[in-house]
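Colleague: Mind looking over this structure? Questions follow.
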Amino acid sequence: MALETTELRPLGKSIKRKEDARLVRGQGRFLDDIKLPRMLYLALVRSPYAHARIVGIDTARARALPGVHLVLTGEDLAKLNLAWMPTLAGDKQMVLATDKVLFQYQEVAAVIADTRALAEDGAALVEVTYDPLPVVVDPRRALEPDAPVLRDDREQRDNHIFHWEVGERAATDEALRASAVVVKESIRMPRVHPAPVEPCGCIADYDGAMGKLTWYVTSQAPHAHRTVLAMVAGLPEHKIHVISPDVGGGFGNKVPVFPGYVAAIVGSISLGRPVKWVETRTENLTSTNFARDYFMDVELGADDKGRVTALKVTTVADHGAFDAAADPTKYPAGLFSIVTGSYDFPTAFAEVDAAYTNKAPGGIAYRCSFRVTEASFLIERAMNSLALKLGVDPADLRFQNFIGSDRFPYDSPLGWTYDSGNYAATLNRALDMIDYRALRQEQAERRARGEFMGIGISTFTEIVGAGPSQSFDILGIKMFDSCEIRVHPTGKVIARLGTRHQGQGHETTFAQIIAEELGLSTEDVLVEEGDTDTAPYGLGTYASRSTPTAGGAAALAARRVRDKGRKIAAHLLEVSDDEVEWDGQRFYAAGAPEHAVSMAEVSLAAYTNLPAGMEPGLEATFYYDPPNLTFPNGAYVAVVDIDKGTGEAKVRRFVAVDDCGTVINPMVVEGQIHGGLTEGFAIAFMQEIAFDEDGNCLAPNFTEYLVPTAVEAPKWETDRTVTPSPHHPIGAKGVGESPNVGSPAAFANAVMDALSPLGVTNLDIPLFPWKIWEVLRQHGVTE
Amino acid sequence: MFPNAFEYQSPTSLDEAVALLVEHGYEAKILAGGQSLLPMMKLRVAAPTVLVDLGRVPGLDARTENDRELSLGAMTRHASLEWDEDLWARYPLLRETAAWIADPLVRNRGTMAGSLAHADPAADWGAALLALHGSVTVDGPNGSRRVGADDFFVDVFTTRLEPDEVLTAVHIPRPEHDVFATHLKLERKVGDFAVVAVSLQVEIDGDGRIRRPGIGLAGVGPTSLHATAAASLLEGQPLSLELIREAAAKASAATDPASDRRGSADFKRDMVRLFVERGLRSIESRFDEGRRRSA
Amino acid sequence: MLISVTVNGQERTADVEPRTLLCYLVRDELSLTGTHVGCDTTSCGACTVLLDGVPVKSCTVLAVQVDGQELMTVEGLEQAGDLHPLQKGFWESHGLQCGFCTPGMLMTTYALLERNPDPTEDEIRRAISGNLCRCTGYQNIVKAVQYAAPLVREKREAAREVAR
């Protein structure tokens, strides 16, 4: 694809990324690259047990080690009322354990020393005596009446966190009873981890004289972090300066506040020196977050013609030791109620019960808009099972049940209003690209020869862009986002947003939006994010919300600038305001297009030659509260060949057709799709944070938590349909998560399709070769 | 992640290296490529107080070949076996195996001898050395000795090496006939240790009979295993489907795998059967192809 | 221990503890922070540097081991303000997103093109299989290397012409 650089009217063009100028030179400035004078390093002491009483903590040897400046325990923090901290989900979480530990690798003490190595040495010298307690790793066991109660700090004497339900239970049960066909499956979406290649970390730098904390942190949501910190630490919010430097991937991992952050801040305040904590990969995988971990039972009904009648989903959610899920406050199960997907269900019901277990806390939106991945996986897997049960083609079943393109805005039975979509067109494009009918023909021939080839379809609908303020907040803060634009006298622009990109390309794509609105080139627009002292307040970048929220704010802030520019243009053109026209690049006098001024000329006039009475300057800020969420969708088709000998499923082809509305930069969108598909592939085939029955984490580093390399990663074939969002200022919907949300089901469906001659409809992901081998073996298939 | 503090020694002769090992005993560890040892030290699973780096001992990267065998010095890195075309014809299993070790960057640094001395039962080189009927030279305070591959591996991470000994060279017999080799590995991704690996080498004489067969197995017991019963079935026989199947079944029966997250014991046993069968069948078809071409 | 190394053509000395890993020599002592650290187990390759021309994971080499040797890091790719063809390739082909794995990818593929100036897609994929990327799915990294390969060949030809 040809790349363009300084073009005017940049929206929709594959413009080279501005941020790459530093990143390809190794001149990005990531958290761990920052070194402050007199800086100390922090290491954490972690529990080897998943559940144990702490009998004693002896820090004497650690404190005696030369180079160690401070050893913090939960008791020290308790004196500051910081032994516990609030979570985003309204629960509380131990910062450093005092009485007992609730998961393996839980934070027990912090050691601050001159160097990283000395801090680790000191941590190894902290002696903690434990008295092990019975461990609960399965949330279904946790909810049994005789299960040990894990959280004895709560008044409630069980492990139940919340019950959440939506829809019509009675009507759904009735509709299922009346259905000609009902499929039932137990679908497990295992615990996984976002694992960006850069781990999490921070530097706390407290200036005692001014009472100001500068906090450098790997953050997807710097303003939210500032507010949470003000609440947790009791620091005045205007004296907290959060700087999120270049972020080496986030995928939801870098949304919450972690105990290591609080310990570093306490350390810096206590010692009056900067304190850096950067987690190791092991710490990352074992303690800072996880995603999914849903056990879902589904019943899906259809009439004798294959029309879906009802959907019922009953879910047990494992939230680990503390409910640190990152969901909008009114949505404890996130946006799981998107579970009716792309299909026109007359009625539906979904419920989620969440439980505490002796596992790491989290439950974050890993490349996912709050439990949408779980929902999409469930409905797409269930539709596959329905097709198998009915003996119909899974593509045909979908065409039959899609919400028609004439039905938008569409009110779903679980309460959402879908903005737009043309599901049949999107699926048709995918089927054409992969030559679906020919593949089915080939499959029939291969089956006749005893071979196992499968074709899997996923036609998902996402829900992103949280969100409208009437229902979306985090700890009460509404989930709007913002953009501030300053146009300098020479027509150059600096724009700051409340979001924080981690590879999504905002420095380029938001510049494209603003340049488009102002008739400038992207070169004229500098986009800055991640500094709370300069950027306007916003909720950050996760859940594919940046383009739907901050992207909207950018367009609308630019339009405010343009509106003022129009008045200045009228003054320069010596016509009245309503006689000024805008052609996308210039203002001109109506009827006299040659009588025009550019934005640069208008900018200069804003500082030099204003109409009488006008406030000088050319700036605007917009806080955009979206009227609705956006609903990107896609049609994915996977083709797999199963090795009968080893059980390996090889992905032969994968076609992804996405519809994310208006496209700002096709190159960036395609890149997002490639990356998300690769993560979806990993979730389907390789990745799980598993535990043994004693609560030991079995995937604590990259030798067991398997990240695909270029050799395993399939080749992706992508295309798009474009159905703009009718309510977004530029019609864009958001795209970063679609491929991760939609693809796991396509892979799993392909494997089930391959194995369907054996009567198999469901296997738990990740689909390791041995699982498939066992099925083949049970059915007497061997090489 | 940082290793604990240790004393670094960089001897410039083998005698000096051995003297350091004698002096420090179990406290010392030998550093060759470091691709297993250093990660273990970073995780503080290993915490030696003295590291004896072989990197500056002259001659340890030497490669010599005579009419009986190829000898590879202890600092021979995986990548040099992967990329040295000169070895491919006579020692094809070296390249076949090297290309499966860890990942390309680790192969640039890690050594064959280090891997053998580390003796991970899932490692590829252990299986290959057994299939090759290789041996190693071990140097210690009492001089130098040879240990055959079949005797070398004792238990998980345990070999015949004493704490004051250095594995200084690996020896591979020079094939006397046409040689055929393959290394089959089930790994979950590049960089993974083998779920199961099978290293195969056979020579085939002018009469089409198998000579000096070797079948090495990884990941299916407490050490690298040599499927000797299966190999002896092949000795002196022409390859046939029936013989291949019989040998595959015998090799599979010789294993003692553990059930774990990589698969059940039954699964791993069946992978041995499958890989021996696939490997020998590919050798058979390559042999037939060669014969057709020369005919 | 006092060691001396040549880094991107410049001789540098540093006083390091034996346990100092090469990646921290580069990052902390030599202040070349383009080389990143992403794991504990020699898995991710974000720390890849060239040691005497060979790409290695600098988190799994001790600084004291490289005394007297030659290092090249990502900072050594750009020559006199001219980006290396691979840097151009990654930029043009959108071969990076967050940019954290990029320096390691660049060093690995630099060595690949030195050894194999016209690699196939399969050879590229194998060559970078010790470097993990969570953002790109690798497809555009492959394209980036394919973009750079002919430019590197041309450069090499031109250099040969000059030599003649």
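Just remember, in the structure tokens the first chain shown is A, the second B, etc., residues are 1-based per chain, and ligands are 1-based in the order shown.
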Could you tell me which residues of chain B sit within 7 Å of chain C when counting only C-alpha atoms, and give me the result as JSON, numbers by chain?
Modeller: {"B": [1, 3, 5, 6, 7, 8, 34, 35, 38, 39, 42, 103, 104, 105, 106, 108, 109, 190]}
Colleague: At most 8 Å is the cut-off: for each residue in chain A with any atom that close to an atom of chain B, write down the nearest atom pair and the distance in Å rounded to one decimal, counting only C-alpha atoms, chain first then increasing number, as JSON lines.
Modeller:
```
{"residue": "A:Arg116", "atom": "CA", "partner": "B:Phe2", "partner_atom": "CA", "distance": 7.8}
{"residue": "A:Ala117", "atom": "CA", "partner": "B:Phe2", "partner_atom": "CA", "distance": 5.6}
{"residue": "A:Glu120", "atom": "CA", "partner": "B:Phe2", "partner_atom": "CA", "distance": 7.3}
{"residue": "A:Asp121", "atom": "CA", "partner": "B:Asn4", "partner_atom": "CA", "distance": 7.0}
{"residue": "A:Thr280", "atom": "CA", "partner": "B:Met1", "partner_atom": "CA", "distance": 6.4}
{"residue": "A:Gly645", "atom": "CA", "partner": "B:Leu274", "partner_atom": "CA", "distance": 6.6}
{"residue": "A:Thr646", "atom": "CA", "partner": "B:Met271", "partner_atom": "CA", "distance": 6.7}
{"residue": "A:Met686", "atom": "CA", "partner": "B:Arg188", "partner_atom": "CA", "distance": 7.5}
{"residue": "A:Thr703", "atom": "CA", "partner": "B:Asp192", "partner_atom": "CA", "distance": 6.8}
{"residue": "A:Leu706", "atom": "CA", "partner": "B:Lys189", "partner_atom": "CA", "distance": 7.3}
{"residue": "A:Pro708", "atom": "CA", "partner": "B:Lys189", "partner_atom": "CA", "distance": 6.5}
{"residue": "A:Thr709", "atom": "CA", "partner": "B:Val190", "partner_atom": "CA", "distance": 6.7}
{"residue": "A:Val711", "atom": "CA", "partner": "B:Val190", "partner_atom": "CA", "distance": 7.2}
{"residue": "A:Glu712", "atom": "CA", "partner": "B:Lys189", "partner_atom": "CA", "distance": 6.6}
{"residue": "A:Trp770", "atom": "CA", "partner": "B:Gly263", "partner_atom": "CA", "distance": 5.4}
{"residue": "A:Lys771", "atom": "CA", "partner": "B:Gly263", "partner_atom": "CA", "distance": 7.9}
{"residue": "A:Trp773", "atom": "CA", "partner": "B:Phe267", "partner_atom": "CA", "distance": 7.5}
{"residue": "A:Glu774", "atom": "CA", "partner": "B:Phe267", "partner_atom": "CA", "distance": 7.7}
{"residue": "A:Glu783", "atom": "CA", "partner": "B:Leu274", "partner_atom": "CA", "distance": 7.6}
```
Colleague: DSSP says helix (DSSP H, G or I) for which residues of stretch 3-145 of chain B? Put them as an MDAnalysis selection string?
Modeller: chainID B and resid 14:27 37:42 54:56 78:83 85:88 92:98 104:107 112:118 124:131
Colleague: Give me the residues of chain A that have any atom at most 6 Å from an atom of chain C; for each, the nearest atom pair and the distance in Å, rounded to one decimal. Use only C-alpha atoms, sort by chain and number, and format it as a tab-separated table.
Modeller:
```
residue	atom	partner	partner_atom	distance
A:Leu23	CA	C:Gly99	CA	5.4
A:Val24	CA	C:Gln87	CA	5.5
A:Gly26	CA	C:Gly34	CA	4.0
A:Gln27	CA	C:Gly34	CA	5.9
A:Asp33	CA	C:Thr33	CA	5.7
A:Val197	CA	C:Gly38	CA	5.3
A:Glu198	CA	C:Gly38	CA	5.4
A:Gly248	CA	C:Phe100	CA	5.0
A:Gly249	CA	C:Cys98	CA	5.5
A:Arg281	CA	C:Cys39	CA	4.8
A:Gln502	CA	C:Cys98	CA	5.5
A:Gly503	CA	C:Cys98	CA	3.5
A:Gly671	CA	C:Thr136	CA	5.9
A:His674	CA	C:Gly137	CA	5.1
A:Gly675	CA	C:Thr136	CA	4.3
A:Thr678	CA	C:Gly137	CA	5.1
A:Thr709	CA	C:Ser129	CA	5.2
A:Ala710	CA	C:Arg125	CA	5.1
A:Val711	CA	C:Arg125	CA	5.6
```
Colleague: Please produce an output containing N, CA, C and O atoms for each residue in the selection, written as an mmCIF file, in the first residue's frame.
Modeller:
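Saved to part.cif:
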```cif
data_model
loop_
_atom_site.group_PDB
_atom_site.id
_atom_site.type_symbol
_atom_site.label_atom_id
_atom_site.label_comp_id
_atom_site.auth_asym_id
_atom_site.auth_seq_id
_atom_site.Cartn_x
_atom_site.Cartn_y
_atom_site.Cartn_z
ATOM 1 N N LEU A 23 10.423 5.614 17.459
ATOM 2 C CA LEU A 23 10.414 4.193 17.858
ATOM 3 C C LEU A 23 11.343 3.345 16.996
ATOM 4 O O LEU A 23 11.968 2.415 17.502
ATOM 5 N N VAL A 24 11.455 3.630 15.700
ATOM 6 C CA VAL A 24 12.362 2.814 14.875
ATOM 7 C C VAL A 24 13.835 3.138 15.178
ATOM 8 O O VAL A 24 14.720 2.387 14.778
ATOM 9 N N GLY A 26 14.864 3.413 18.289
ATOM 10 C CA GLY A 26 15.118 3.022 19.674
ATOM 11 C C GLY A 26 15.114 4.215 20.600
ATOM 12 O O GLY A 26 15.704 4.188 21.672
ATOM 13 N N GLN A 27 14.446 5.280 20.183
ATOM 14 C CA GLN A 27 14.428 6.500 20.996
ATOM 15 C C GLN A 27 13.087 6.736 21.661
ATOM 16 O O GLN A 27 12.784 7.838 22.112
ATOM 17 N N ASP A 33 13.138 3.369 30.935
ATOM 18 C CA ASP A 33 14.237 4.162 30.366
ATOM 19 C C ASP A 33 14.508 5.419 31.196
ATOM 20 O O ASP A 33 15.524 6.089 30.991
ATOM 21 N N VAL A 197 4.538 -6.779 25.943
ATOM 22 C CA VAL A 197 5.964 -7.112 26.051
ATOM 23 C C VAL A 197 6.659 -6.202 27.078
ATOM 24 O O VAL A 197 7.577 -6.620 27.765
ATOM 25 N N GLU A 198 6.179 -4.972 27.213
ATOM 26 C CA GLU A 198 6.691 -4.153 28.323
ATOM 27 C C GLU A 198 5.881 -4.449 29.581
ATOM 28 O O GLU A 198 4.659 -4.279 29.587
ATOM 29 N N GLY A 248 4.617 0.341 26.233
ATOM 30 C CA GLY A 248 4.968 -0.797 25.371
ATOM 31 C C GLY A 248 3.899 -1.870 25.337
ATOM 32 O O GLY A 248 4.141 -3.006 25.698
ATOM 33 N N GLY A 249 2.727 -1.473 24.884
ATOM 34 C CA GLY A 249 1.596 -2.404 24.843
ATOM 35 C C GLY A 249 0.855 -2.376 26.168
ATOM 36 O O GLY A 249 1.458 -2.236 27.229
ATOM 37 N N ARG A 281 8.625 -10.253 34.490
ATOM 38 C CA ARG A 281 7.590 -10.960 33.725
ATOM 39 C C ARG A 281 6.825 -11.928 34.625
ATOM 40 O O ARG A 281 5.599 -12.073 34.503
ATOM 41 N N GLN A 502 -1.045 3.067 23.343
ATOM 42 C CA GLN A 502 -0.004 2.099 23.700
ATOM 43 C C GLN A 502 0.429 1.344 22.463
ATOM 44 O O GLN A 502 0.771 0.174 22.512
ATOM 45 N N GLY A 503 0.356 2.028 21.318
ATOM 46 C CA GLY A 503 0.705 1.376 20.061
ATOM 47 C C GLY A 503 -0.389 1.534 19.018
ATOM 48 O O GLY A 503 -0.223 1.148 17.870
ATOM 49 N N GLY A 671 -3.338 -3.118 10.803
ATOM 50 C CA GLY A 671 -2.364 -3.539 11.817
ATOM 51 C C GLY A 671 -3.045 -3.997 13.094
ATOM 52 O O GLY A 671 -2.650 -4.989 13.709
ATOM 53 N N HIS A 674 -4.489 -7.462 12.459
ATOM 54 C CA HIS A 674 -3.453 -8.515 12.496
ATOM 55 C C HIS A 674 -3.093 -8.880 13.929
ATOM 56 O O HIS A 674 -2.991 -10.050 14.288
ATOM 57 N N GLY A 675 -2.858 -7.853 14.736
ATOM 58 C CA GLY A 675 -2.411 -8.102 16.106
ATOM 59 C C GLY A 675 -3.479 -8.796 16.936
ATOM 60 O O GLY A 675 -3.197 -9.747 17.667
ATOM 61 N N THR A 678 -3.910 -12.413 16.068
ATOM 62 C CA THR A 678 -2.830 -13.254 16.572
ATOM 63 C C THR A 678 -3.040 -13.559 18.054
ATOM 64 O O THR A 678 -2.791 -14.677 18.505
ATOM 65 N N THR A 709 4.974 -17.159 18.166
ATOM 66 C CA THR A 709 6.028 -16.488 17.409
ATOM 67 C C THR A 709 5.564 -16.358 15.961
ATOM 68 O O THR A 709 4.472 -16.809 15.593
ATOM 69 N N ALA A 710 6.421 -15.783 15.143
ATOM 70 C CA ALA A 710 6.095 -15.619 13.722
ATOM 71 C C ALA A 710 5.907 -16.962 13.025
ATOM 72 O O ALA A 710 5.293 -17.031 11.961
ATOM 73 N N VAL A 711 6.444 -18.016 13.616
ATOM 74 C CA VAL A 711 6.299 -19.337 12.993
ATOM 75 C C VAL A 711 4.890 -19.900 13.223
ATOM 76 O O VAL A 711 4.280 -20.447 12.307
#
```
Colleague: Pick out the residues sitting within 12 Å of A:Val262, and hand them over as a VMD selection string; count only C-alpha atoms, and ignore anything fewer than 6 positions along from it in its own chain.
Modeller: chain A and resid 42 44 72 74 77 80 to 86 93 to 96 107 109 to 110 201 to 204 215 217 225 228 to 234 256 268 to 269 275 to 277
Colleague: Could you pull out the residues in stretch 474-719 of chain A that DSSP calls strand (DSSP E) from the backbone, as a count of residues only?
Modeller: 64
Colleague: As a compact mmCIF listing (two decimals) with C-alpha atoms, in the first residue's frame, please: the residues near B:His171 (cut-off 12 Å, only C-alpha atoms, same-chain neighbours under 6 positions excluded).
Modeller:
```
# COMPACT_ATOMS: atom_id res chain seq x y z
CA ALA B 62 37.82 -26.63 17.93
CA ARG B 63 36.37 -29.05 15.45
CA THR B 64 38.43 -32.02 14.25
CA GLU B 65 37.53 -34.93 12.07
CA ASN B 66 39.40 -38.13 11.30
CA ARG B 68 36.66 -42.59 12.73
CA GLU B 69 34.87 -39.62 14.19
CA LEU B 70 34.02 -35.97 14.36
CA SER B 71 35.01 -34.17 17.54
CA LEU B 72 33.32 -30.94 18.57
CA GLY B 73 34.84 -28.76 21.30
CA ALA B 74 32.72 -27.80 24.27
CA THR B 76 30.62 -25.39 19.76
CA TYR B 91 26.43 -35.70 9.92
CA LEU B 94 23.50 -32.47 13.76
CA MET B 112 25.74 -28.52 22.47
CA ALA B 113 28.05 -29.61 25.28
CA ALA B 128 20.46 -36.95 19.19
CA LEU B 129 23.69 -38.01 20.89
CA LEU B 130 22.11 -41.37 21.72
CA LEU B 132 24.37 -40.98 16.91
CA HIS B 133 26.08 -43.49 19.25
CA GLY B 134 28.19 -40.53 20.33
CA SER B 135 30.40 -40.06 23.31
CA VAL B 136 31.87 -37.22 25.33
CA THR B 137 35.29 -36.40 26.70
CA VAL B 138 35.35 -35.44 30.33
CA ARG B 146 35.55 -40.92 27.52
CA VAL B 147 31.92 -41.61 28.41
CA GLY B 148 29.58 -43.17 25.88
CA ALA B 149 26.18 -41.56 25.40
```
Colleague: Suppose you want the space between atom CA of A:Glu528 and atom CA of A:Ile34; what is it in Å?
Modeller: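 Calculated distance between atom CA of A:Glu528 and atom CA of A:Ile34 is 18.5 Å.
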Colleague: Which residue gives the smallest distance to B:Ala98 among B:Ser282, B:Thr182, B:Ser259, B:Thr49, with only C-alpha atoms counted?
Modeller: B:Thr182
Colleague: Within 9 Å of A:Glu279, counting only C-alpha atoms, which residues show up once you throw out same-chain ones fewer than 5 positions away? Write them as a ChimeraX atom specification, please.
Modeller: /A:43-44,199-201,260,284,288
Colleague: Can I get the selected residues back with all heavy atoms, as a PDB file, in the first residue's frame?
Modeller:
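Result went into result_22.pdb, see below:
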```
ATOM      1  N   ALA A  43      11.775  -3.826  45.251  1.00  0.00           N
ATOM      2  CA  ALA A  43      11.424  -5.219  44.899  1.00  0.00           C
ATOM      3  C   ALA A  43      10.431  -5.725  45.926  1.00  0.00           C
ATOM      4  O   ALA A  43      10.453  -5.302  47.092  1.00  0.00           O
ATOM      5  CB  ALA A  43      12.678  -6.096  44.901  1.00  0.00           C
ATOM      6  N   LEU A  44       9.572  -6.616  45.494  1.00  0.00           N
ATOM      7  CA  LEU A  44       8.512  -7.120  46.374  1.00  0.00           C
ATOM      8  C   LEU A  44       8.816  -8.537  46.847  1.00  0.00           C
ATOM      9  O   LEU A  44       9.373  -9.349  46.104  1.00  0.00           O
ATOM     10  CB  LEU A  44       7.179  -7.096  45.629  1.00  0.00           C
ATOM     11  CG  LEU A  44       6.615  -5.684  45.377  1.00  0.00           C
ATOM     12  CD1 LEU A  44       5.519  -5.729  44.330  1.00  0.00           C
ATOM     13  CD2 LEU A  44       6.100  -5.058  46.671  1.00  0.00           C
ATOM     14  N   PRO A 199       6.528  -4.859  30.663  1.00  0.00           N
ATOM     15  CA  PRO A 199       5.782  -5.083  31.897  1.00  0.00           C
ATOM     16  C   PRO A 199       5.325  -3.758  32.516  1.00  0.00           C
ATOM     17  O   PRO A 199       5.681  -2.683  32.037  1.00  0.00           O
ATOM     18  CB  PRO A 199       6.796  -5.788  32.814  1.00  0.00           C
ATOM     19  CG  PRO A 199       7.939  -6.167  31.943  1.00  0.00           C
ATOM     20  CD  PRO A 199       7.933  -5.207  30.798  1.00  0.00           C
ATOM     21  N   CYS A 200       4.567  -3.833  33.600  1.00  0.00           N
ATOM     22  CA  CYS A 200       4.092  -2.638  34.284  1.00  0.00           C
ATOM     23  C   CYS A 200       5.185  -2.083  35.197  1.00  0.00           C
ATOM     24  O   CYS A 200       6.057  -2.824  35.650  1.00  0.00           O
ATOM     25  CB  CYS A 200       2.865  -2.955  35.136  1.00  0.00           C
ATOM     26  SG  CYS A 200       1.505  -3.682  34.212  1.00  0.00           S
ATOM     27  N   GLY A 201       5.104  -0.807  35.496  1.00  0.00           N
ATOM     28  CA  GLY A 201       6.077  -0.223  36.419  1.00  0.00           C
ATOM     29  C   GLY A 201       5.775   1.231  36.691  1.00  0.00           C
ATOM     30  O   GLY A 201       4.886   1.821  36.055  1.00  0.00           O
ATOM     31  N   GLY A 260       2.400  -2.703  43.991  1.00  0.00           N
ATOM     32  CA  GLY A 260       3.764  -2.202  43.790  1.00  0.00           C
ATOM     33  C   GLY A 260       3.793  -0.692  43.595  1.00  0.00           C
ATOM     34  O   GLY A 260       4.736  -0.009  44.013  1.00  0.00           O
ATOM     35  N   ASN A 284       4.368 -10.042  36.488  1.00  0.00           N
ATOM     36  CA  ASN A 284       3.301  -9.621  35.584  1.00  0.00           C
ATOM     37  C   ASN A 284       2.262 -10.730  35.407  1.00  0.00           C
ATOM     38  O   ASN A 284       1.061 -10.532  35.553  1.00  0.00           O
ATOM     39  CB  ASN A 284       3.918  -9.233  34.235  1.00  0.00           C
ATOM     40  CG  ASN A 284       2.891  -8.923  33.167  1.00  0.00           C
ATOM     41  OD1 ASN A 284       2.726  -9.683  32.215  1.00  0.00           O
ATOM     42  ND2 ASN A 284       2.174  -7.828  33.320  1.00  0.00           N
ATOM     43  N   THR A 288      -0.271  -9.108  38.418  1.00  0.00           N
ATOM     44  CA  THR A 288      -0.946  -7.912  37.925  1.00  0.00           C
ATOM     45  C   THR A 288      -1.889  -8.300  36.790  1.00  0.00           C
ATOM     46  O   THR A 288      -1.539  -8.221  35.629  1.00  0.00           O
ATOM     47  CB  THR A 288       0.039  -6.815  37.475  1.00  0.00           C
ATOM     48  OG1 THR A 288       0.974  -7.362  36.561  1.00  0.00           O
ATOM     49  CG2 THR A 288       0.794  -6.250  38.647  1.00  0.00           C
TER      50      THR A 288
END
```
Colleague: List the neighbours of B:Glu242 out to 12 Å using only C-alpha atoms; skip same-chain residues closer than 4 positions along the sequence, and give me the result as a ChimeraX atom specification.
Modeller: /B:233-234,237-238,246-249,277,280-281
